Amino acid sequence: MKHFNEANMNHHRLILYIYTPFCGTCSVARSMLENVERLHQEDIFTEMNASVHPAFMQDHQIESVPCLAFMEDGEIVEKVYTFHSTANIYQYLMKYKAELFQAINN
C-alpha cells in the first residue's frame with residue numbers, strides 16, 4: 001500500500017484506507033486489502049493513519065475506522081465502514097477501479 005500524503009489527494013482517483021494502529025478490526029481489513037493487492041500485483045490502496053491526520057478526519061467527517069474512502073478529484077464520493085469480505089471489497093473496486101478487470105474481460 002502507498003502511504004498517504006497531501007499530494008496524493010490531487011490524484012483524479014484515490015482509494016484511501018483509513019485506520020488506527022491498535023485497531024483489531026483495522027488489522028483484519030488490512031489483510032483483505034493486502035490480499036487484493038497481492039492478487040493484482042500492484043498498489044491499489046493508499047493508507048492513512050487516522051491518528052496522524054485529525055484535521056482530515058474532521059474535515060471529511062470520517063465517523064470510524066477502518067474506513068475505505070473512495071475519492072475523486074480530492075473529494076470523497078463514498079465511504080465504506082464495514083469490510084464484510086474480500087468479495088464485498090471487489091464490488092466497490094468494480095465500480096471505482098474497473099480498469100483492474102479489463103485484462104480479465106479481454
# chains A, B, ... in the order shown; residues from 1 in each chain; ligands from 1

call {"tool": "residues_around", "arguments": {"residues": "Pro21 (chain A)", "least_positions_apart": "2", "cutoff": "10 Å", "atoms": "only C-alpha atoms", "output": "PDB file with all heavy atoms, in the first residue's frame"}}
result
ATOM      1  N   TYR A  19      -7.126   3.958   8.974  1.00  0.00           N
ATOM      2  CA  TYR A  19      -7.013   3.016  10.082  1.00  0.00           C
ATOM      3  C   TYR A  19      -6.370   3.698  11.281  1.00  0.00           C
ATOM      4  O   TYR A  19      -5.914   4.834  11.206  1.00  0.00           O
ATOM      5  CB  TYR A  19      -6.149   1.822   9.662  1.00  0.00           C
ATOM      6  CG  TYR A  19      -4.693   2.206   9.518  1.00  0.00           C
ATOM      7  CD1 TYR A  19      -3.785   1.961  10.544  1.00  0.00           C
ATOM      8  CD2 TYR A  19      -4.235   2.863   8.379  1.00  0.00           C
ATOM      9  CE1 TYR A  19      -2.452   2.355  10.434  1.00  0.00           C
ATOM     10  CE2 TYR A  19      -2.916   3.256   8.260  1.00  0.00           C
ATOM     11  CZ  TYR A  19      -2.036   2.999   9.281  1.00  0.00           C
ATOM     12  OH  TYR A  19      -0.732   3.397   9.181  1.00  0.00           O
ATOM     13  N   CYS A  23      -6.077  -0.892  16.264  1.00  0.00           N
ATOM     14  CA  CYS A  23      -7.451  -1.325  15.983  1.00  0.00           C
ATOM     15  C   CYS A  23      -7.428  -2.744  15.407  1.00  0.00           C
ATOM     16  O   CYS A  23      -6.876  -2.975  14.334  1.00  0.00           O
ATOM     17  CB  CYS A  23      -8.082  -0.341  15.005  1.00  0.00           C
ATOM     18  SG  CYS A  23      -9.584  -0.894  14.203  1.00  0.00           S
ATOM     19  N   GLY A  24      -8.024  -3.685  16.134  1.00  0.00           N
ATOM     20  CA  GLY A  24      -8.054  -5.075  15.672  1.00  0.00           C
ATOM     21  C   GLY A  24      -8.841  -5.246  14.385  1.00  0.00           C
ATOM     22  O   GLY A  24      -8.439  -5.986  13.481  1.00  0.00           O
ATOM     23  N   CYS A  26      -9.239  -3.057  12.134  1.00  0.00           N
ATOM     24  CA  CYS A  26      -8.420  -2.464  11.068  1.00  0.00           C
ATOM     25  C   CYS A  26      -7.399  -3.477  10.545  1.00  0.00           C
ATOM     26  O   CYS A  26      -7.122  -3.531   9.344  1.00  0.00           O
ATOM     27  CB  CYS A  26      -7.699  -1.215  11.569  1.00  0.00           C
ATOM     28  SG  CYS A  26      -8.794   0.140  12.032  1.00  0.00           S
ATOM     29  N   SER A  27      -6.856  -4.293  11.437  1.00  0.00           N
ATOM     30  CA  SER A  27      -5.885  -5.316  11.024  1.00  0.00           C
ATOM     31  C   SER A  27      -6.527  -6.349  10.114  1.00  0.00           C
ATOM     32  O   SER A  27      -5.929  -6.777   9.122  1.00  0.00           O
ATOM     33  CB  SER A  27      -5.285  -6.005  12.245  1.00  0.00           C
ATOM     34  OG  SER A  27      -4.541  -5.089  13.000  1.00  0.00           O
ATOM     35  N   ASN A  49      -3.019   6.767   8.488  1.00  0.00           N
ATOM     36  CA  ASN A  49      -3.198   6.602   9.920  1.00  0.00           C
ATOM     37  C   ASN A  49      -4.064   7.762  10.407  1.00  0.00           C
ATOM     38  O   ASN A  49      -3.640   8.919  10.381  1.00  0.00           O
ATOM     39  CB  ASN A  49      -1.840   6.587  10.618  1.00  0.00           C
ATOM     40  CG  ASN A  49      -1.933   6.390  12.105  1.00  0.00           C
ATOM     41  OD1 ASN A  49      -2.988   6.556  12.714  1.00  0.00           O
ATOM     42  ND2 ASN A  49      -0.815   6.041  12.709  1.00  0.00           N
ATOM     43  N   ALA A  50      -5.266   7.458  10.865  1.00  0.00           N
ATOM     44  CA  ALA A  50      -6.208   8.494  11.304  1.00  0.00           C
ATOM     45  C   ALA A  50      -5.649   9.324  12.457  1.00  0.00           C
ATOM     46  O   ALA A  50      -5.947  10.514  12.565  1.00  0.00           O
ATOM     47  CB  ALA A  50      -7.528   7.843  11.708  1.00  0.00           C
ATOM     48  N   SER A  51      -4.837   8.717  13.290  1.00  0.00           N
ATOM     49  CA  SER A  51      -4.283   9.415  14.450  1.00  0.00           C
ATOM     50  C   SER A  51      -3.365  10.561  14.058  1.00  0.00           C
ATOM     51  O   SER A  51      -3.195  11.526  14.792  1.00  0.00           O
ATOM     52  CB  SER A  51      -3.501   8.438  15.337  1.00  0.00           C
ATOM     53  OG  SER A  51      -4.315   7.367  15.723  1.00  0.00           O
TER      54      SER A  51
END

call {"tool": "select_by_dssp", "arguments": {"residues": "region 24-58 of chain A", "states": "strand (DSSP E)", "output": "list of chain:residue names"}}
result
A:Thr46, A:Glu47, A:Met48, A:Asn49

call {"tool": "residues_around", "arguments": {"residues": "Val28 (chain A)", "least_positions_apart": "4", "cutoff": "12 Å", "atoms": "only C-alpha atoms", "output": "short mmCIF file (atom, residue, chain, number, x, y, z; two decimals) with all heavy atoms, in the first residue's frame"}}
result
data_model
loop_
_atom_site.label_atom_id
_atom_site.label_comp_id
_atom_site.auth_asym_id
_atom_site.auth_seq_id
_atom_site.Cartn_x
_atom_site.Cartn_y
_atom_site.Cartn_z
N TYR A 19 -7.13 3.96 8.97
CA TYR A 19 -7.01 3.02 10.08
C TYR A 19 -6.37 3.70 11.28
O TYR A 19 -5.91 4.83 11.21
CB TYR A 19 -6.15 1.82 9.66
CG TYR A 19 -4.69 2.21 9.52
CD1 TYR A 19 -3.78 1.96 10.54
CD2 TYR A 19 -4.24 2.86 8.38
CE1 TYR A 19 -2.45 2.36 10.43
CE2 TYR A 19 -2.92 3.26 8.26
CZ TYR A 19 -2.04 3.00 9.28
OH TYR A 19 -0.73 3.40 9.18
N PRO A 21 -3.45 2.33 14.36
CA PRO A 21 -2.51 1.23 14.55
C PRO A 21 -2.96 0.13 15.51
O PRO A 21 -2.62 -1.03 15.31
CB PRO A 21 -1.24 1.90 15.08
CG PRO A 21 -1.37 3.32 14.69
CD PRO A 21 -2.82 3.63 14.63
N PHE A 22 -3.71 0.44 16.54
CA PHE A 22 -4.05 -0.57 17.54
C PHE A 22 -5.47 -1.09 17.40
O PHE A 22 -6.01 -1.70 18.32
CB PHE A 22 -3.81 -0.01 18.95
CG PHE A 22 -2.38 0.40 19.15
CD1 PHE A 22 -2.02 1.74 19.20
CD2 PHE A 22 -1.38 -0.56 19.23
CE1 PHE A 22 -0.69 2.11 19.36
CE2 PHE A 22 -0.05 -0.20 19.38
CZ PHE A 22 0.30 1.14 19.45
N CYS A 23 -6.08 -0.89 16.26
CA CYS A 23 -7.45 -1.33 15.98
C CYS A 23 -7.43 -2.74 15.41
O CYS A 23 -6.88 -2.98 14.33
CB CYS A 23 -8.08 -0.34 15.01
SG CYS A 23 -9.58 -0.89 14.20
N GLY A 24 -8.02 -3.69 16.13
CA GLY A 24 -8.05 -5.07 15.67
C GLY A 24 -8.84 -5.25 14.39
O GLY A 24 -8.44 -5.99 13.48
N MET A 32 -7.43 -8.12 4.21
CA MET A 32 -8.25 -8.26 3.00
C MET A 32 -7.69 -7.41 1.86
O MET A 32 -7.56 -7.89 0.72
CB MET A 32 -9.69 -7.81 3.28
CG MET A 32 -10.49 -8.76 4.10
SD MET A 32 -12.18 -8.12 4.21
CE MET A 32 -12.63 -8.74 5.82
N LEU A 33 -7.35 -6.17 2.17
CA LEU A 33 -6.84 -5.26 1.15
C LEU A 33 -5.49 -5.72 0.62
O LEU A 33 -5.22 -5.64 -0.58
CB LEU A 33 -6.76 -3.84 1.70
CG LEU A 33 -8.08 -3.24 2.19
CD1 LEU A 33 -7.84 -1.84 2.74
CD2 LEU A 33 -9.15 -3.25 1.12
N GLU A 34 -4.63 -6.21 1.51
CA GLU A 34 -3.32 -6.72 1.08
C GLU A 34 -3.48 -7.94 0.19
O GLU A 34 -2.72 -8.11 -0.77
CB GLU A 34 -2.45 -7.04 2.29
CG GLU A 34 -1.94 -5.79 2.98
CD GLU A 34 -1.20 -6.08 4.28
OE1 GLU A 34 -1.37 -7.18 4.86
OE2 GLU A 34 -0.47 -5.18 4.74
N ASN A 35 -4.46 -8.78 0.46
CA ASN A 35 -4.72 -9.94 -0.40
C ASN A 35 -5.14 -9.50 -1.79
O ASN A 35 -4.71 -10.08 -2.79
CB ASN A 35 -5.79 -10.85 0.20
CG ASN A 35 -5.27 -11.66 1.36
OD1 ASN A 35 -4.07 -11.90 1.49
ND2 ASN A 35 -6.16 -12.09 2.24
N VAL A 65 -13.11 3.98 12.16
CA VAL A 65 -12.13 3.19 11.41
C VAL A 65 -12.42 1.71 11.68
O VAL A 65 -12.97 1.39 12.72
CB VAL A 65 -10.68 3.54 11.82
CG1 VAL A 65 -10.34 4.95 11.39
CG2 VAL A 65 -10.43 3.35 13.29
N PRO A 66 -12.08 0.86 10.73
CA PRO A 66 -11.50 1.16 9.43
C PRO A 66 -12.52 1.82 8.51
O PRO A 66 -13.72 1.62 8.65
CB PRO A 66 -11.09 -0.21 8.90
CG PRO A 66 -12.05 -1.17 9.54
CD PRO A 66 -12.33 -0.59 10.90
N THR A 82 -17.77 -1.02 6.73
CA THR A 82 -17.90 -2.44 7.03
C THR A 82 -17.24 -3.25 5.93
O THR A 82 -17.67 -3.21 4.78
CB THR A 82 -19.39 -2.83 7.16
OG1 THR A 82 -20.00 -1.97 8.10
CG2 THR A 82 -19.53 -4.26 7.62
N PHE A 83 -16.20 -3.97 6.29
CA PHE A 83 -15.45 -4.80 5.34
C PHE A 83 -15.96 -6.24 5.50
O PHE A 83 -15.34 -7.05 6.17
CB PHE A 83 -13.95 -4.75 5.66
CG PHE A 83 -13.31 -3.41 5.43
CD1 PHE A 83 -13.73 -2.28 6.12
CD2 PHE A 83 -12.28 -3.28 4.52
CE1 PHE A 83 -13.13 -1.06 5.92
CE2 PHE A 83 -11.67 -2.05 4.31
CZ PHE A 83 -12.10 -0.94 5.01
N HIS A 84 -17.10 -6.53 4.91
CA HIS A 84 -17.71 -7.85 5.08
C HIS A 84 -16.80 -8.98 4.63
O HIS A 84 -16.65 -9.97 5.34
CB HIS A 84 -19.02 -7.93 4.30
CG HIS A 84 -20.07 -6.99 4.78
ND1 HIS A 84 -20.75 -7.17 5.95
CD2 HIS A 84 -20.55 -5.83 4.25
CE1 HIS A 84 -21.61 -6.19 6.13
NE2 HIS A 84 -21.50 -5.35 5.11
N SER A 85 -16.24 -8.82 3.45
CA SER A 85 -15.42 -9.88 2.86
C SER A 85 -14.61 -9.30 1.72
O SER A 85 -14.86 -8.18 1.27
CB SER A 85 -16.32 -11.01 2.32
OG SER A 85 -17.12 -10.50 1.25
N THR A 86 -13.68 -10.09 1.23
CA THR A 86 -12.91 -9.66 0.07
C THR A 86 -13.83 -9.49 -1.14
O THR A 86 -13.66 -8.56 -1.92
CB THR A 86 -11.79 -10.67 -0.23
OG1 THR A 86 -10.98 -10.80 0.94
CG2 THR A 86 -10.91 -10.22 -1.38
#

call {"tool": "residues_around", "arguments": {"residues": "Ile44 (chain A)", "least_positions_apart": "4", "cutoff": "9 Å", "atoms": "only C-alpha atoms", "output": "PyMOL selection string"}}
result
chain A and resi 1-2+14-15+33+36-37+40+97

call {"tool": "write_last_selection", "arguments": {"atoms": "all heavy atoms", "output": "mmCIF file, in the first residue's frame"}}
result
data_model
loop_
_atom_site.group_PDB
_atom_site.id
_atom_site.type_symbol
_atom_site.label_atom_id
_atom_site.label_comp_id
_atom_site.auth_asym_id
_atom_site.auth_seq_id
_atom_site.Cartn_x
_atom_site.Cartn_y
_atom_site.Cartn_z
ATOM 1 N N MET A 1 0.832 -1.184 0.000
ATOM 2 C CA MET A 1 0.000 0.000 0.000
ATOM 3 C C MET A 1 0.878 1.249 0.000
ATOM 4 O O MET A 1 1.914 1.271 0.634
ATOM 5 C CB MET A 1 -0.877 0.032 1.253
ATOM 6 C CG MET A 1 -2.135 -0.747 1.134
ATOM 7 S SD MET A 1 -3.180 -0.517 2.580
ATOM 8 C CE MET A 1 -3.669 -2.207 2.792
ATOM 9 N N LYS A 2 0.398 2.236 -0.710
ATOM 10 C CA LYS A 2 1.084 3.516 -0.705
ATOM 11 C C LYS A 2 0.714 4.242 0.594
ATOM 12 O O LYS A 2 -0.357 4.042 1.144
ATOM 13 C CB LYS A 2 0.647 4.365 -1.893
ATOM 14 C CG LYS A 2 1.011 3.759 -3.240
ATOM 15 C CD LYS A 2 0.370 4.530 -4.360
ATOM 16 C CE LYS A 2 -0.992 3.916 -4.581
ATOM 17 N NZ LYS A 2 -1.689 4.285 -5.772
ATOM 18 N N LEU A 14 -8.583 8.065 -6.010
ATOM 19 C CA LEU A 14 -7.787 7.558 -4.900
ATOM 20 C C LEU A 14 -8.679 6.689 -4.032
ATOM 21 O O LEU A 14 -9.819 7.062 -3.751
ATOM 22 C CB LEU A 14 -7.250 8.736 -4.091
ATOM 23 C CG LEU A 14 -6.397 8.443 -2.862
ATOM 24 C CD1 LEU A 14 -5.055 7.843 -3.276
ATOM 25 C CD2 LEU A 14 -6.164 9.734 -2.090
ATOM 26 N N ILE A 15 -8.170 5.529 -3.647
ATOM 27 C CA ILE A 15 -8.890 4.681 -2.704
ATOM 28 C C ILE A 15 -8.081 4.700 -1.421
ATOM 29 O O ILE A 15 -6.986 4.160 -1.350
ATOM 30 C CB ILE A 15 -9.069 3.244 -3.228
ATOM 31 C CG1 ILE A 15 -9.772 3.259 -4.584
ATOM 32 C CG2 ILE A 15 -9.860 2.422 -2.215
ATOM 33 C CD1 ILE A 15 -9.857 1.898 -5.248
ATOM 34 N N LEU A 33 -7.349 -6.173 2.174
ATOM 35 C CA LEU A 33 -6.843 -5.264 1.147
ATOM 36 C C LEU A 33 -5.487 -5.722 0.622
ATOM 37 O O LEU A 33 -5.218 -5.644 -0.583
ATOM 38 C CB LEU A 33 -6.762 -3.844 1.698
ATOM 39 C CG LEU A 33 -8.083 -3.239 2.191
ATOM 40 C CD1 LEU A 33 -7.845 -1.843 2.739
ATOM 41 C CD2 LEU A 33 -9.149 -3.247 1.118
ATOM 42 N N VAL A 36 -5.968 -8.473 -1.882
ATOM 43 C CA VAL A 36 -6.383 -7.937 -3.182
ATOM 44 C C VAL A 36 -5.167 -7.398 -3.930
ATOM 45 O O VAL A 36 -4.973 -7.693 -5.118
ATOM 46 C CB VAL A 36 -7.459 -6.842 -3.001
ATOM 47 C CG1 VAL A 36 -7.718 -6.118 -4.316
ATOM 48 C CG2 VAL A 36 -8.745 -7.439 -2.446
ATOM 49 N N GLU A 37 -4.330 -6.636 -3.244
ATOM 50 C CA GLU A 37 -3.133 -6.093 -3.897
ATOM 51 C C GLU A 37 -2.175 -7.198 -4.328
ATOM 52 O O GLU A 37 -1.597 -7.125 -5.416
ATOM 53 C CB GLU A 37 -2.416 -5.116 -2.967
ATOM 54 C CG GLU A 37 -3.152 -3.817 -2.797
ATOM 55 C CD GLU A 37 -2.371 -2.775 -2.025
ATOM 56 O OE1 GLU A 37 -1.499 -3.140 -1.204
ATOM 57 O OE2 GLU A 37 -2.631 -1.587 -2.238
ATOM 58 N N HIS A 40 -3.445 -8.796 -7.537
ATOM 59 C CA HIS A 40 -3.293 -7.942 -8.712
ATOM 60 C C HIS A 40 -1.856 -7.462 -8.917
ATOM 61 O O HIS A 40 -1.558 -6.806 -9.915
ATOM 62 C CB HIS A 40 -4.245 -6.748 -8.624
ATOM 63 C CG HIS A 40 -5.667 -7.150 -8.797
ATOM 64 N ND1 HIS A 40 -6.258 -7.315 -10.025
ATOM 65 C CD2 HIS A 40 -6.615 -7.465 -7.874
ATOM 66 C CE1 HIS A 40 -7.504 -7.701 -9.861
ATOM 67 N NE2 HIS A 40 -7.746 -7.797 -8.561
ATOM 68 N N LYS A 97 -12.683 1.199 -9.712
ATOM 69 C CA LYS A 97 -11.387 0.902 -10.341
ATOM 70 C C LYS A 97 -11.575 -0.228 -11.351
ATOM 71 O O LYS A 97 -10.913 -1.261 -11.308
ATOM 72 C CB LYS A 97 -10.342 0.547 -9.282
ATOM 73 C CG LYS A 97 -8.918 0.571 -9.813
ATOM 74 C CD LYS A 97 -7.936 0.847 -8.710
ATOM 75 C CE LYS A 97 -6.519 0.755 -9.188
ATOM 76 N NZ LYS A 97 -6.098 1.855 -10.039
#

call {"tool": "residues_around", "arguments": {"residues": "Glu47 (chain A)", "least_positions_apart": "6", "cutoff": "7 Å", "atoms": "only C-alpha atoms", "output": "VMD selection string"}}
result
chain A and resid 1 to 4 16 to 18

call {"tool": "closest_residue", "arguments": {"among": "A:Phe101, A:His53, A:His12, A:Thr46", "to": "Ala69 (chain A)", "atoms": "only C-alpha atoms"}}
result
A:Thr46

call {"tool": "atom_distance", "arguments": {"atom1": "CA of Met94 (chain A)", "atom2": "CA of Leu68 (chain A)"}}
result
14.4 Å

call {"tool": "select_by_dssp", "arguments": {"residues": "chain A", "states": "helix (DSSP H, G or I)", "output": "PyMOL selection string"}}
result
chain A and resi 6-10+24-40+50-52+54-59+86-96+98-105

call {"tool": "closest_residue", "arguments": {"among": "A:Leu39, A:Leu93, A:Cys67, A:Leu100", "to": "Tyr81 (chain A)", "atoms": "only C-alpha atoms"}}
result
A:Cys67

call {"tool": "decode", "arguments": {"residues": "region 38-53 of chain A", "atoms": "N, CA, C and O atoms", "output": "compact mmCIF listing (two decimals), in the first residue's frame"}}
result
# COMPACT_ATOMS: atom_id res chain seq x y z
N ARG A 38 -2.02 -8.21 -3.51
CA ARG A 38 -1.14 -9.33 -3.85
C ARG A 38 -1.65 -10.04 -5.10
O ARG A 38 -0.89 -10.38 -6.00
N LEU A 39 -2.95 -10.24 -5.18
CA LEU A 39 -3.54 -10.91 -6.33
C LEU A 39 -3.31 -10.11 -7.61
O LEU A 39 -2.98 -10.67 -8.65
N HIS A 40 -3.45 -8.80 -7.54
CA HIS A 40 -3.29 -7.94 -8.71
C HIS A 40 -1.86 -7.46 -8.92
O HIS A 40 -1.56 -6.81 -9.92
N GLN A 41 -1.00 -7.75 -7.96
CA GLN A 41 0.42 -7.39 -8.02
C GLN A 41 0.63 -5.90 -8.28
O GLN A 41 1.45 -5.51 -9.12
N GLU A 42 -0.14 -5.08 -7.55
CA GLU A 42 0.04 -3.63 -7.64
C GLU A 42 -0.54 -2.96 -6.40
O GLU A 42 -1.37 -3.53 -5.70
N ASP A 43 -0.05 -1.75 -6.14
CA ASP A 43 -0.60 -0.95 -5.06
C ASP A 43 -1.92 -0.34 -5.54
O ASP A 43 -1.93 0.43 -6.50
N ILE A 44 -3.00 -0.70 -4.89
CA ILE A 44 -4.32 -0.21 -5.25
C ILE A 44 -4.79 0.83 -4.24
O ILE A 44 -5.41 1.82 -4.60
N PHE A 45 -4.46 0.60 -2.99
CA PHE A 45 -4.95 1.41 -1.89
C PHE A 45 -3.85 2.33 -1.36
O PHE A 45 -2.67 2.00 -1.42
N THR A 46 -4.27 3.45 -0.82
CA THR A 46 -3.38 4.37 -0.13
C THR A 46 -3.79 4.36 1.33
O THR A 46 -4.97 4.56 1.64
N GLU A 47 -2.85 4.12 2.23
CA GLU A 47 -3.19 4.01 3.64
C GLU A 47 -2.93 5.32 4.38
O GLU A 47 -2.00 6.04 4.07
N MET A 48 -3.81 5.59 5.36
CA MET A 48 -3.66 6.79 6.15
C MET A 48 -3.96 6.46 7.61
O MET A 48 -5.03 5.94 7.93
N ASN A 49 -3.02 6.77 8.49
CA ASN A 49 -3.20 6.60 9.92
C ASN A 49 -4.06 7.76 10.41
O ASN A 49 -3.64 8.92 10.38
N ALA A 50 -5.27 7.46 10.87
CA ALA A 50 -6.21 8.49 11.30
C ALA A 50 -5.65 9.32 12.46
O ALA A 50 -5.95 10.51 12.56
N SER A 51 -4.84 8.72 13.29
CA SER A 51 -4.28 9.42 14.45
C SER A 51 -3.36 10.56 14.06
O SER A 51 -3.19 11.53 14.79
N VAL A 52 -2.76 10.46 12.89
CA VAL A 52 -1.80 11.46 12.42
C VAL A 52 -2.49 12.58 11.63
O VAL A 52 -1.90 13.64 11.42
N HIS A 53 -3.73 12.36 11.21
CA HIS A 53 -4.44 13.32 10.35
C HIS A 53 -5.81 13.68 10.93
O HIS A 53 -6.84 13.48 10.27
